[in-house]
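These notes are about the structure you will find just below.
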Amino acid sequence: MASNIRLTMIDVSCILINYNTSQYTIDCIKSIIENTRDTISYEIIVIDNASKLDDYKTLKTGVDQLNVAQAKLVRSKINVGFGAGNMLGVQYASTCKYYAFINNDTLQVSENCLLRLKEFMERTPDAAVCSPQMLDEHKKFRVTIDHFSSIQREILRRPLLETLFPSTYLNRKKTYDKPTKVHYVQGSFMFIDASDFDHIGGFDTNLFLYYEESDVSRRLLKQLKKYTYLLPDLEYIHYKSASIKKNIAIKIEQKIALLYYIKKHFGWLHHKILLIYYSIRYFFTSIIKPQYWQLFYIFLIGAPLSKSLKQKQKINQE
């Protein structure tokens, strides 16, 4: 017997992750609502990544007070990280044409930004991902694009590659004046074709905090020949990692993710070369800065995923 149920497809599912920064999240939701007209259908899904109970209560109260039908709050009992947190959001998303993965410490600047991103995607068949230009809290230019990670990028460094191969390694600090194909954009605002994202399986949840956006853009390019674009005529403010405090544990996490990424996309040999390079580099660095001995040790044992912060998370029953 045929079902009478009809699935209604919306235009955009906005997915935000909160981790002990409820006020940023509430302000982010407000900015989306204030800058989005009725000409586009959307929803806002907030994943609370096992925040402290007080922060979650503040967030829930704030979301309830907004009284917006499109907003949905989901609390995870464990901090699953950036990629898996967004994938949890995807699980709760309605059937949609596009996902907008938006960091909670951002504010919309351009009027009706979601609609304009959607319109760009619809007139650009080879686009899988696009992003507005990122600004800092003072509305000053902030680097939004980056190059795919590789041995040459990590050893030769970005400025040299941009000088030697400007057509392949675009100047990250340049102000562009038209839509531009790039390797990838920062994960603070990624507007993605939902069918393309679903086709490649979404974010790699082995990655806890870093390289998720680079990995997604690389797989979209390799598997579907679809590109990532920067749209400089649209802008958003990003307060930059409000929920992440830089310390040696975060540096270790970043390098574990990088080496996993290199092995995944380039194989054992590239992984081994980079591992040796970092082992030598941080051996000498740690002589001058003893706090880097922990990082040197991680390279010495192969920077395994078993040492990721992901493996140290505990279930929060509050």
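So you can find residues: chains in the structure tokens are A, B, ... in the order shown, residues in each start at 1, and ligands are numbered from 1 in order.
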Notebook entry, point to check: Taking the backbone alone, and naming residues the way the document does, which bits of region 50-225 of chain A are strand (DSSP E or B) by DSSP, as an MDAnalysis selection string?
Noted result: chainID A and resid 71:76 96:102 106:108 127:135 141 145:146 180:182 184:185 189:193
Could you take the residues named above and write them with N, CA, C and O atoms, as a compact mmCIF listing (two decimals), in the first residue's frame?
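Contents of result_8.txt, freshly written:
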```
# COMPACT_ATOMS: atom_id res chain seq x y z
N ALA A 71 14.36 26.20 15.14
CA ALA A 71 15.52 25.87 15.97
C ALA A 71 15.30 24.58 16.75
O ALA A 71 14.23 24.36 17.33
N LYS A 72 16.31 23.73 16.76
CA LYS A 72 16.24 22.45 17.46
C LYS A 72 17.54 22.25 18.24
O LYS A 72 18.63 22.45 17.72
N LEU A 73 17.43 21.90 19.51
CA LEU A 73 18.59 21.70 20.37
C LEU A 73 18.72 20.23 20.74
O LEU A 73 17.77 19.62 21.21
N VAL A 74 19.91 19.68 20.53
CA VAL A 74 20.18 18.28 20.84
C VAL A 74 21.40 18.23 21.75
O VAL A 74 22.44 18.83 21.45
N ARG A 75 21.29 17.52 22.86
CA ARG A 75 22.42 17.42 23.80
C ARG A 75 23.09 16.06 23.67
O ARG A 75 22.45 15.01 23.84
N SER A 76 24.38 16.09 23.38
CA SER A 76 25.17 14.86 23.33
C SER A 76 25.74 14.58 24.72
O SER A 76 26.14 15.51 25.42
N CYS A 96 17.19 18.19 3.05
CA CYS A 96 17.54 19.55 2.64
C CYS A 96 18.42 19.54 1.40
O CYS A 96 19.02 18.52 1.05
N LYS A 97 18.49 20.67 0.75
CA LYS A 97 19.34 20.83 -0.44
C LYS A 97 20.78 21.16 -0.04
O LYS A 97 21.72 20.77 -0.73
N TYR A 98 20.93 21.87 1.07
CA TYR A 98 22.26 22.32 1.49
C TYR A 98 22.40 22.22 3.00
O TYR A 98 21.44 22.39 3.76
N TYR A 99 23.65 21.93 3.43
CA TYR A 99 24.02 22.04 4.83
C TYR A 99 24.85 23.31 4.98
O TYR A 99 25.70 23.60 4.13
N ALA A 100 24.62 24.04 6.06
CA ALA A 100 25.49 25.16 6.41
C ALA A 100 26.11 24.83 7.76
O ALA A 100 25.43 24.88 8.79
N PHE A 101 27.38 24.42 7.75
CA PHE A 101 28.09 24.11 8.99
C PHE A 101 28.71 25.42 9.47
O PHE A 101 29.64 25.95 8.85
N ILE A 102 28.19 25.93 10.57
CA ILE A 102 28.55 27.27 11.03
C ILE A 102 29.05 27.20 12.47
O ILE A 102 28.36 26.69 13.35
N THR A 106 30.41 32.74 15.53
CA THR A 106 30.35 33.56 14.33
C THR A 106 29.09 34.41 14.36
O THR A 106 28.13 34.11 15.07
N LEU A 107 29.11 35.47 13.55
CA LEU A 107 27.94 36.32 13.37
C LEU A 107 27.76 36.59 11.89
O LEU A 107 28.73 36.84 11.16
N GLN A 108 26.52 36.52 11.42
CA GLN A 108 26.22 36.85 10.04
C GLN A 108 26.39 38.36 9.85
O GLN A 108 26.02 39.15 10.71
N ALA A 127 30.39 23.50 -8.23
CA ALA A 127 30.63 23.87 -6.83
C ALA A 127 29.98 22.86 -5.89
O ALA A 127 28.82 22.50 -6.04
N ALA A 128 30.76 22.40 -4.91
CA ALA A 128 30.23 21.54 -3.85
C ALA A 128 30.20 22.28 -2.52
O ALA A 128 29.38 22.00 -1.66
N VAL A 129 31.14 23.22 -2.37
CA VAL A 129 31.28 23.98 -1.13
C VAL A 129 31.51 25.45 -1.46
O VAL A 129 32.21 25.75 -2.44
N CYS A 130 30.95 26.34 -0.66
CA CYS A 130 31.31 27.75 -0.78
C CYS A 130 31.29 28.39 0.60
O CYS A 130 30.70 27.84 1.54
N SER A 131 31.93 29.54 0.70
CA SER A 131 32.00 30.22 1.98
C SER A 131 32.13 31.72 1.77
O SER A 131 32.79 32.17 0.83
N PRO A 132 31.53 32.51 2.67
CA PRO A 132 31.79 33.95 2.65
C PRO A 132 33.22 34.24 3.12
O PRO A 132 33.91 33.36 3.65
N GLN A 133 33.64 35.48 2.96
CA GLN A 133 34.93 35.94 3.48
C GLN A 133 34.82 36.10 5.00
O GLN A 133 33.86 36.68 5.50
N MET A 134 35.80 35.60 5.71
CA MET A 134 35.82 35.70 7.17
C MET A 134 36.43 37.02 7.61
O MET A 134 37.44 37.47 7.06
N LEU A 135 35.83 37.63 8.64
CA LEU A 135 36.35 38.84 9.26
C LEU A 135 36.59 38.58 10.74
O LEU A 135 35.99 37.67 11.32
N PHE A 141 39.85 41.97 7.73
CA PHE A 141 40.12 40.76 6.95
C PHE A 141 40.76 39.68 7.79
O PHE A 141 41.67 39.94 8.58
N ILE A 145 40.93 31.06 3.33
CA ILE A 145 41.27 29.92 2.48
C ILE A 145 42.60 29.31 2.92
O ILE A 145 43.39 29.93 3.62
N ASP A 146 42.83 28.08 2.49
CA ASP A 146 44.10 27.43 2.79
C ASP A 146 44.39 26.39 1.72
O ASP A 146 43.54 26.07 0.88
N THR A 180 36.14 32.61 -6.22
CA THR A 180 37.45 32.03 -6.54
C THR A 180 37.51 30.58 -6.10
O THR A 180 37.18 30.26 -4.94
N LYS A 181 37.96 29.70 -6.99
CA LYS A 181 38.20 28.31 -6.63
C LYS A 181 39.41 28.22 -5.71
O LYS A 181 40.46 28.78 -5.99
N VAL A 182 39.25 27.51 -4.61
CA VAL A 182 40.33 27.36 -3.64
C VAL A 182 40.43 25.88 -3.25
O VAL A 182 39.57 25.08 -3.58
N TYR A 184 40.49 24.70 0.01
CA TYR A 184 39.41 24.56 0.98
C TYR A 184 39.25 25.86 1.77
O TYR A 184 40.12 26.74 1.72
N VAL A 185 38.13 25.96 2.45
CA VAL A 185 37.85 27.12 3.30
C VAL A 185 37.79 26.68 4.75
O VAL A 185 37.65 25.49 5.05
N PHE A 189 32.60 28.30 8.52
CA PHE A 189 31.37 28.54 7.73
C PHE A 189 31.53 27.81 6.40
O PHE A 189 32.20 28.27 5.50
N MET A 190 30.89 26.66 6.31
CA MET A 190 30.93 25.86 5.09
C MET A 190 29.51 25.61 4.60
O MET A 190 28.70 25.00 5.32
N PHE A 191 29.21 26.10 3.42
CA PHE A 191 27.90 25.90 2.81
C PHE A 191 28.06 24.81 1.76
O PHE A 191 28.77 24.98 0.77
N ILE A 192 27.44 23.65 1.97
CA ILE A 192 27.76 22.44 1.20
C ILE A 192 26.51 21.85 0.56
O ILE A 192 25.45 21.75 1.19
N ASP A 193 26.66 21.43 -0.68
CA ASP A 193 25.60 20.70 -1.38
C ASP A 193 25.34 19.41 -0.61
O ASP A 193 26.24 18.57 -0.44
```
Margin query: Please list as a list of chain:residue names every residue within 12 Å of Ile252 (chain A), counting only C-alpha atoms and excluding residues in the same chain fewer than 6 positions away.
Written below: A:Phe208, A:Leu209, A:Tyr210, A:Lys246, A:Leu258, A:Leu259, A:Tyr278, A:Tyr282, A:Gln291, A:Tyr292, A:Trp293, A:Gln294, A:Leu295, A:Phe296, A:Tyr297, A:Ile298, A:Phe299, A:Gly302, A:Ala303, A:Pro304, A:Leu305, A:Lys307, A:Ser308, A:Leu309
Write the residues of the selection above to a file with N, CA, C and O atoms, as a compact mmCIF listing (two decimals), in the first residue's frame.
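Result file follows (part-v2.txt):
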```txt
# COMPACT_ATOMS: atom_id res chain seq x y z
N PHE A 208 39.17 14.58 15.26
CA PHE A 208 38.45 15.12 16.41
C PHE A 208 38.29 16.64 16.36
O PHE A 208 37.24 17.17 16.66
N LEU A 209 39.36 17.35 15.96
CA LEU A 209 39.30 18.81 15.97
C LEU A 209 39.85 19.48 14.70
O LEU A 209 39.49 20.62 14.42
N TYR A 210 40.73 18.82 13.99
CA TYR A 210 41.43 19.50 12.89
C TYR A 210 41.36 18.72 11.58
O TYR A 210 41.23 17.50 11.59
N LYS A 246 44.36 27.28 23.47
CA LYS A 246 45.59 26.72 22.93
C LYS A 246 46.52 26.26 24.06
O LYS A 246 46.80 26.99 24.99
N LEU A 258 46.94 15.80 11.52
CA LEU A 258 47.69 16.04 10.28
C LEU A 258 48.31 14.75 9.75
O LEU A 258 48.19 14.43 8.56
N LEU A 259 48.96 13.99 10.61
CA LEU A 259 49.62 12.77 10.16
C LEU A 259 48.61 11.71 9.72
O LEU A 259 48.86 10.95 8.78
N TYR A 278 59.24 15.71 11.59
CA TYR A 278 58.78 16.33 12.84
C TYR A 278 59.53 15.79 14.05
O TYR A 278 59.75 16.52 15.03
N TYR A 282 61.26 18.57 16.35
CA TYR A 282 60.82 18.81 17.72
C TYR A 282 61.76 18.24 18.77
O TYR A 282 61.67 18.62 19.94
N GLN A 291 58.62 22.05 27.28
CA GLN A 291 57.22 21.64 27.20
C GLN A 291 56.92 20.87 25.92
O GLN A 291 55.90 20.17 25.84
N TYR A 292 57.81 20.96 24.93
CA TYR A 292 57.60 20.25 23.67
C TYR A 292 58.09 18.80 23.70
O TYR A 292 57.98 18.10 22.71
N TRP A 293 58.63 18.35 24.83
CA TRP A 293 59.02 16.95 24.94
C TRP A 293 57.81 16.03 24.73
O TRP A 293 57.93 14.95 24.16
N GLN A 294 56.66 16.46 25.22
CA GLN A 294 55.44 15.66 25.03
C GLN A 294 55.13 15.47 23.55
O GLN A 294 54.73 14.39 23.12
N LEU A 295 55.31 16.54 22.79
CA LEU A 295 55.05 16.47 21.36
C LEU A 295 56.09 15.59 20.66
O LEU A 295 55.75 14.78 19.79
N PHE A 296 57.34 15.73 21.05
CA PHE A 296 58.40 14.88 20.49
C PHE A 296 58.10 13.41 20.76
O PHE A 296 58.27 12.55 19.88
N TYR A 297 57.63 13.11 21.97
CA TYR A 297 57.32 11.73 22.32
C TYR A 297 56.20 11.17 21.43
O TYR A 297 56.27 10.00 21.00
N ILE A 298 55.20 11.99 21.14
CA ILE A 298 54.10 11.56 20.28
C ILE A 298 54.62 11.17 18.90
O ILE A 298 54.21 10.15 18.32
N PHE A 299 55.55 11.96 18.36
CA PHE A 299 56.14 11.61 17.06
C PHE A 299 56.98 10.34 17.17
O PHE A 299 57.01 9.51 16.25
N GLY A 302 54.86 7.41 16.79
CA GLY A 302 54.10 7.32 15.54
C GLY A 302 52.84 8.16 15.47
O GLY A 302 52.07 8.02 14.53
N ALA A 303 52.60 9.02 16.45
CA ALA A 303 51.42 9.89 16.48
C ALA A 303 50.13 9.13 16.19
O ALA A 303 49.37 9.48 15.29
N PRO A 304 49.84 8.08 16.94
CA PRO A 304 48.65 7.25 16.66
C PRO A 304 47.36 7.94 17.08
O PRO A 304 47.33 8.78 17.98
N LEU A 305 46.26 7.56 16.45
CA LEU A 305 44.95 8.09 16.82
C LEU A 305 44.57 7.71 18.25
O LEU A 305 43.73 8.37 18.86
N LYS A 307 46.13 8.27 20.77
CA LYS A 307 46.54 9.35 21.65
C LYS A 307 45.71 10.62 21.44
O LYS A 307 45.99 11.66 22.03
N SER A 308 44.71 10.53 20.58
CA SER A 308 43.85 11.68 20.32
C SER A 308 43.00 12.02 21.54
O SER A 308 42.65 11.15 22.34
N LEU A 309 42.63 13.29 21.65
CA LEU A 309 41.73 13.73 22.72
C LEU A 309 40.38 13.01 22.63
O LEU A 309 39.67 12.89 23.64
```
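Coordinates place CA of Ser94 (chain A) at a distance of 18.8 Å from CA of Val63 (chain A).
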Note to self: Rounded to one decimal, what separation in Å do you get between CA of Pro179 (chain A) and CA of Lys30 (chain A)?
What the structure shows: 27.2 Å
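Counting only C-alpha atoms, region 315-318 of chain A has the following residues at most 7 Å away, ignoring those fewer than 2 positions along the same chain: Ala50, Leu53, Lys77, Ile78 and Gln313 of chain A.
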Margin query: So, with only C-alpha atoms as the atoms that count, which of A:Ser110, A:Lys314, A:Tyr19, A:Gly81 lies closest to Asp54 (chain A)?
Written below: A:Tyr19
Note to self: For a test of reading the model, state the distance in Å between CA of Thr36 (chain A) and CA of Ser214 (chain A), rounded to one decimal.
What the structure shows: 27.7 Å
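Minimum distance to Ala194 (chain A) across A:Leu161, A:Leu220, A:Trp268, A:His147 (counting only C-alpha atoms) occurs at A:Leu220.
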Check: Smallest atom-to-atom distance to Asn35 (chain A): which of A:Cys113, A:Leu300, A:Leu234, A:Ala93, using only C-alpha atoms?
Finding: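 Once distances to Asn35 (chain A) are computed over only C-alpha atoms, the minimum belongs to A:Cys113.
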Residue contacts of Gly202 (chain A) (9 Å, only C-alpha atoms) excluding same-chain residues fewer than 5 positions away, as a PDB file with all heavy atoms, in the first residue's frame:
```
ATOM      1  N   GLY A  83      33.920  17.126  13.753  1.00  0.00           N
ATOM      2  CA  GLY A  83      33.350  16.356  12.655  1.00  0.00           C
ATOM      3  C   GLY A  83      32.168  15.507  13.086  1.00  0.00           C
ATOM      4  O   GLY A  83      31.098  15.544  12.472  1.00  0.00           O
ATOM      5  N   MET A  87      28.176  15.670  12.238  1.00  0.00           N
ATOM      6  CA  MET A  87      27.489  14.493  11.696  1.00  0.00           C
ATOM      7  C   MET A  87      26.279  14.124  12.554  1.00  0.00           C
ATOM      8  O   MET A  87      25.268  13.634  12.036  1.00  0.00           O
ATOM      9  CB  MET A  87      28.457  13.316  11.599  1.00  0.00           C
ATOM     10  CG  MET A  87      29.553  13.494  10.555  1.00  0.00           C
ATOM     11  SD  MET A  87      28.901  13.798   8.891  1.00  0.00           S
ATOM     12  CE  MET A  87      28.216  12.192   8.487  1.00  0.00           C
ATOM     13  N   VAL A  90      23.654  16.308  11.322  1.00  0.00           N
ATOM     14  CA  VAL A  90      23.116  15.787  10.065  1.00  0.00           C
ATOM     15  C   VAL A  90      22.053  14.728  10.335  1.00  0.00           C
ATOM     16  O   VAL A  90      21.039  14.642   9.630  1.00  0.00           O
ATOM     17  CB  VAL A  90      24.256  15.221   9.186  1.00  0.00           C
ATOM     18  CG1 VAL A  90      23.706  14.416   8.004  1.00  0.00           C
ATOM     19  CG2 VAL A  90      25.154  16.347   8.681  1.00  0.00           C
ATOM     20  N   ASP A 196      25.995  15.982  -2.418  1.00  0.00           N
ATOM     21  CA  ASP A 196      27.421  15.705  -2.577  1.00  0.00           C
ATOM     22  C   ASP A 196      28.037  15.278  -1.249  1.00  0.00           C
ATOM     23  O   ASP A 196      28.823  14.320  -1.182  1.00  0.00           O
ATOM     24  CB  ASP A 196      28.157  16.942  -3.108  1.00  0.00           C
ATOM     25  CG  ASP A 196      27.793  17.280  -4.540  1.00  0.00           C
ATOM     26  OD1 ASP A 196      27.297  16.389  -5.255  1.00  0.00           O
ATOM     27  OD2 ASP A 196      28.001  18.435  -4.958  1.00  0.00           O
ATOM     28  N   PHE A 197      27.692  15.995  -0.196  1.00  0.00           N
ATOM     29  CA  PHE A 197      28.206  15.685   1.142  1.00  0.00           C
ATOM     30  C   PHE A 197      27.778  14.291   1.570  1.00  0.00           C
ATOM     31  O   PHE A 197      28.577  13.500   2.077  1.00  0.00           O
ATOM     32  CB  PHE A 197      27.693  16.733   2.125  1.00  0.00           C
ATOM     33  CG  PHE A 197      28.204  16.592   3.527  1.00  0.00           C
ATOM     34  CD1 PHE A 197      29.438  17.107   3.889  1.00  0.00           C
ATOM     35  CD2 PHE A 197      27.435  15.968   4.506  1.00  0.00           C
ATOM     36  CE1 PHE A 197      29.900  16.997   5.199  1.00  0.00           C
ATOM     37  CE2 PHE A 197      27.890  15.853   5.808  1.00  0.00           C
ATOM     38  CZ  PHE A 197      29.124  16.371   6.153  1.00  0.00           C
ATOM     39  N   VAL A 216      37.210  16.916   3.703  1.00  0.00           N
ATOM     40  CA  VAL A 216      35.955  16.907   2.956  1.00  0.00           C
ATOM     41  C   VAL A 216      36.147  17.506   1.566  1.00  0.00           C
ATOM     42  O   VAL A 216      35.710  16.934   0.558  1.00  0.00           O
ATOM     43  CB  VAL A 216      34.849  17.667   3.728  1.00  0.00           C
ATOM     44  CG1 VAL A 216      33.718  18.075   2.796  1.00  0.00           C
ATOM     45  CG2 VAL A 216      34.282  16.785   4.825  1.00  0.00           C
TER      46      VAL A 216
END
```
Next item on the list: May I have the residues within 8 Å of Asn18 (chain A) as a VMD selection string, using only C-alpha atoms and disregarding those fewer than 6 positions away in the same chain?
Entry: chain A and resid 25 46 to 49 51 104
Notebook entry, point to check: Can you tell me, as a ChimeraX atom specification, what residues are no more than 12 Å from Pro125 (chain A) when counting only C-alpha atoms, ignoring any on the same chain fewer than 2 positions away?
Noted result: /A:118-123,127-129,193,196,224-229
Checklist line | Every residue of region 24-241 of chain A that DSSP places in alpha helix (DSSP H), as an NGL selection string | finding: :A and (24-34 or 53-66 or 81-92 or 113-122 or 151-156 or 158-164 or 194-199 or 212-224)
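Minimum atom-to-atom distances from A:Thr175, A:Thr205, A:Ser22, A:Ser306 to Lys60 (chain A) were compared using only C-alpha atoms, and the lowest value belongs to A:Ser22.
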